[in-house]
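What follows is a set of notes on a single structure, which appears directly below.
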Amino acid sequence: LEMLRFVRNMRTIPGPLPLPLLGNAHLFLGLTPAEACLRMGELAEKHGDTFGLFLGPSYSVMLFNPRDVERVLSSTQLLTKSEEYSFLGRWLNEGLLVSNGRKWHRRRKIITPAFHFRILEQYVEIFDRQSLRLVEELKLRRSRGHAGVNLGEAIHLCTLDAICGAILASALFVGLLIYQLKFKRLINMISYMPGPPALPLVGHGHHFIGKAPHELVQKIFEFMQNYAKDQVLKVWLGPELNVLMGDPKDVEVVLGTLRFNDKAGEYKALEPWLKEGLLVSRGRKWHKRRKIITPAFHFKILDQFVEVFEKGSRELLRNMERDRLKHGDSGFNLYDWINLCTMDTICETAMGVSLNAQTNVDSEYVQAVKTISMVLHKRMFNILYRFDLTYMLTPLARAEKKALNVLHQFTEKIIVQRREELIRSGKEQEASTKEDVDDVGAKRKMAFLDILLQSTIDERPLNNLDIREEVDTFMFEGHDTTSSALMFFFYNIATHPEAQQKCFEEVMSVVGQDKSTPVTYELLNKLHYVDLCVKETLRMYPSVPLLGRKVLEDCEINGKLIPAGTNIGISPLYLGRREELFSEPNSFKPERFDVVTTAEKLNPYAYIPFSAGPRNCIGQKFAMLEIKAIVANVLRHYAVDFVGDTSKPPVLIAELILRTKDPLMFKLRERVY
Ligand code: HEM
């Protein structure tokens, strides 16, 4: 039908009679280009100034009439080039000559100013120089006694030289122009968005450069409070656009789906250590990994880990007792011991090996973890270390390389050993009764590593590097976060003795009077009030104070336009302190999380210390159990007092992990009962 319609239309156009299959191609077969030109003239004379030609199955209409030519060339619809141009595509790709549609339109707009008369004026000098060279060349050929000169060839070379010169001269200009236009588009797109006044080139960078780390938190809060209309704020860091969002409705759009699954640029600093582990990976890779790692946090697996938390907290108690006796009332910094404790537990649960960090502080691995954590903070938040080129020249880069070697070799060694052990025990298992395996496939004391070693993606087992990046991710995400939460928990209950007393009484009633009774999964789940205190602590002091996502395509979030390339920043710390979302946000009120008694309705995207949506913290339940295990053990032995000024809240530093400007100091009173 299509063909019939085509033939009917085409019949109104005169032209030579086509042969089957060949069409009119036989009229041009074997002709030189000059003869083909003449043949075209003959056909025009015979069939008129508009005629049709078939070259095989492809049909062309030749126009020699200025009125028809005008209709075609002035049309805004007939912009697509004919098929012959596709041969140029191999060289020019989709350059202006061959491109179509929107692409052509945009490019044409950008390139047109490059032919402005001011620019052309500069090219005249090039034309002049090249034509003088052409004249010289012609003179030379004449003096050599050439009978005649090939003027066409000489002129061709001359124009080639001229266009090369002009292109080079205009490349910079066009580049700048494209940048300016793109930038202009960006500026127009976000003109609705409020933000503090920006300076040329640095944007708002001057508010952050050279500032002490704790001043950055204050600055962001100040900007949000003073400028953020509708809880959206733009911050330019040089040419980089960051949009901060503080409305749970917007947060829900960003975190609630996988549309914004790519992490912001800052996360790049994590890649040397974590490679493409779950925290930083994207797309399909993230999706598949998340699916196989999720069962590793099944409650039956977590149940076994409580034994590891118990062991870790016993060691912590020994270190605390030593410092208690040593420092007495002057107090000591609890954080370092807690941090080593969480490092021990995550190492044992992730890799199945004891690191003994709490008894072996100087171990190479422990030191390497500390170095790398320090490097990560500096790279993410210090502008001096942000750019790879300059960073590579700093002593920090050398320290990082050394630490990475230690970390990677350690994990790699454990993976290899464990793989061999599993193969061996697998064989033994086959021969035995297999009674140790339960219904989630978990053997007693199974580490995350074992689950990864037994997992497959697309029916292929994970290789050592795949596993290493995930185990390293657990090591990173699983210890600093938990120790930060614990430190702020102790600060909160030490400054709220009534809450501490309630926690203590709950621990006593659930775990019992015997200090040596080990905590268990069931017992920890009964610590209801402690749970509320941990939740409230994470609202006020979320271990991860800022989350970042990268926008890959222009998009709209609840009517707000966000251009591609923008980093979206969402701060659990800022949200947790918004008065509109939490009454008396700076007060420690654990009861607000009690679903039975509270009137406050919790918005799941307002309270996001573990992030939210499909890419939330996979280790959330693990962390809550570990925190409660350590709290239960510490409170059974000690009453915790804060040593310091309680009239002001601690000054916070919102880096990768939330910490305080000055160490929080505690003194312990032994509980005798
Ligand atoms: C109080 C303790 C913890 C807090 C507050 C916390 C918080 C978070 C947050 C906010 C994220 C999202 C990060 C982002 O989107 O950029 C996250 C992701 C993650 N967390 Fe945690 N975390 C904690 C403990 C843990 C523990 C103990 C583990 C492992 C045992 C863990 C493993 C992970 C992993 C693997 C991810 C990446 C998940 C993904 O992208 O799919 N976290 N965590």
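Residue numbering restarts at 1 in every chain; chains get A, B, ... in the order shown in the structure tokens, and ligands count up from 1 in that same order.
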
(request) Please identify every polymer residue within 6 Å of ligand 1, using only C-alpha atoms and all ligand atoms, and present the set as a VMD selection string. (result) chain A and resid 278 to 279 290 473 to 474 477 to 478 481 to 482 485 542 to 544 547 609 to 611 615 to 620 622 to 623

(message) Run DSSP on the backbone and tell me which residues of stretch 211-363 of chain A come out as helix (DSSP H, G or I); list them as a PyMOL selection string.
(response) chain A and resi 213-227+248-256+265-274+283-297+299-330+334-351

(message) Could you check the closest approach to A:Pro497 for each of A:Asp641, A:Glu137, A:Asp128, A:Glu83 and tell me which residue wins, using only C-alpha atoms?
(response)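 Of all the options, A:Asp641 lies closest to A:Pro497.
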
Could you give me, as a Markdown table, every stretch 199-282 of chain A residue with an atom at most 12 Å from stretch 383-399 of chain A, plus its closest atom pair and distance in Å to one decimal, counting only C-alpha atoms, rows ordered by chain then number?
```
| residue | atom | partner | partner_atom | distance |
| --- | --- | --- | --- | --- |
| A:Val202 | CA | A:Ile383 | CA | 11.7 |
| A:Gly205 | CA | A:Ile383 | CA | 9.2 |
| A:His206 | CA | A:Ile383 | CA | 10.9 |
| A:Phe208 | CA | A:Ile383 | CA | 9.0 |
| A:Ile209 | CA | A:Ile383 | CA | 7.1 |
| A:Gly210 | CA | A:Ile383 | CA | 9.0 |
| A:Lys211 | CA | A:Ile383 | CA | 10.9 |
| A:Pro213 | CA | A:Ile383 | CA | 11.9 |
| A:Leu237 | CA | A:Ile383 | CA | 9.8 |
| A:Gly238 | CA | A:Ile383 | CA | 10.6 |
| A:Gly265 | CA | A:Arg386 | CA | 10.1 |
| A:Glu266 | CA | A:Arg386 | CA | 8.7 |
| A:Tyr267 | CA | A:Arg386 | CA | 11.3 |
| A:Lys268 | CA | A:Arg386 | CA | 9.8 |
| A:Ala269 | CA | A:Arg386 | CA | 8.4 |
| A:Pro272 | CA | A:Ala397 | CA | 10.9 |
```

(request) Fewer than 6 positions away in the same chain doesn't count, so skip those; otherwise give me all residues within 12 Å of stretch 75-77 of chain A, counting only C-alpha atoms, as a PyMOL selection string. (result) chain A and resi 68-69+100-102+105

Export, as a tab-separated table (two decimals), in the first residue's frame, the selected residues with N, CA and C atoms.
```tsv
chain	number	residue	atom	x	y	z
A	68	ASP	N	11.40	26.11	-6.87
A	68	ASP	CA	11.39	24.84	-6.10
A	68	ASP	C	12.56	24.80	-5.13
A	69	VAL	N	13.69	25.25	-5.64
A	69	VAL	CA	14.90	25.24	-4.78
A	69	VAL	C	14.62	26.09	-3.53
A	100	ASN	N	21.39	15.95	12.21
A	100	ASN	CA	19.98	16.22	11.96
A	100	ASN	C	19.28	16.70	13.23
A	101	GLY	N	18.04	17.11	13.06
A	101	GLY	CA	17.12	17.37	14.18
A	101	GLY	C	17.66	18.32	15.23
A	102	ARG	N	17.34	17.95	16.50
A	102	ARG	CA	17.69	18.78	17.64
A	102	ARG	C	19.18	19.02	17.75
A	105	HIS	N	20.27	21.56	15.33
A	105	HIS	CA	19.73	22.85	15.73
A	105	HIS	C	20.58	23.49	16.82
```

(message) Calculated over only C-alpha atoms, which of the candidates A:Cys341, A:Ala350, A:Met624, A:Leu462 has the smallest distance to A:Val366?
(response)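 Comparing A:Cys341, A:Ala350, A:Met624, A:Leu462 against A:Val366, the winner is A:Cys341.
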
(request) For atom CA of A:Asn464 and atom CA of A:Arg549, determine how far apart the two atoms are, in Å to one decimal place. (result)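 If I compute the distance from atom CA of A:Asn464 to atom CA of A:Arg549, I get 28.5 Å.
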
Assign secondary structure with DSSP using the backbone only, and return the residues of stretch 58-199 of chain A in strand (DSSP E) as a compact mmCIF listing (two decimals) with C-alpha atoms, in the first residue's frame.
```
# COMPACT_ATOMS: atom_id res chain seq x y z
CA SER A 58 16.38 4.87 -4.11
CA TYR A 59 14.37 7.72 -5.63
CA SER A 60 15.64 11.31 -5.99
CA VAL A 61 13.95 14.40 -7.33
CA MET A 62 16.34 16.80 -9.09
CA LEU A 63 15.40 20.46 -8.80
```

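Nearest to A:Phe297 of all the residues A:Arg39, A:Lys550, A:Lys621, A:Arg71 is A:Lys621, counting only C-alpha atoms.
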
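Reported to one decimal place, the separation of atom CA of A:Asp344 from atom CA of A:Gly312 is 6.6 Å.
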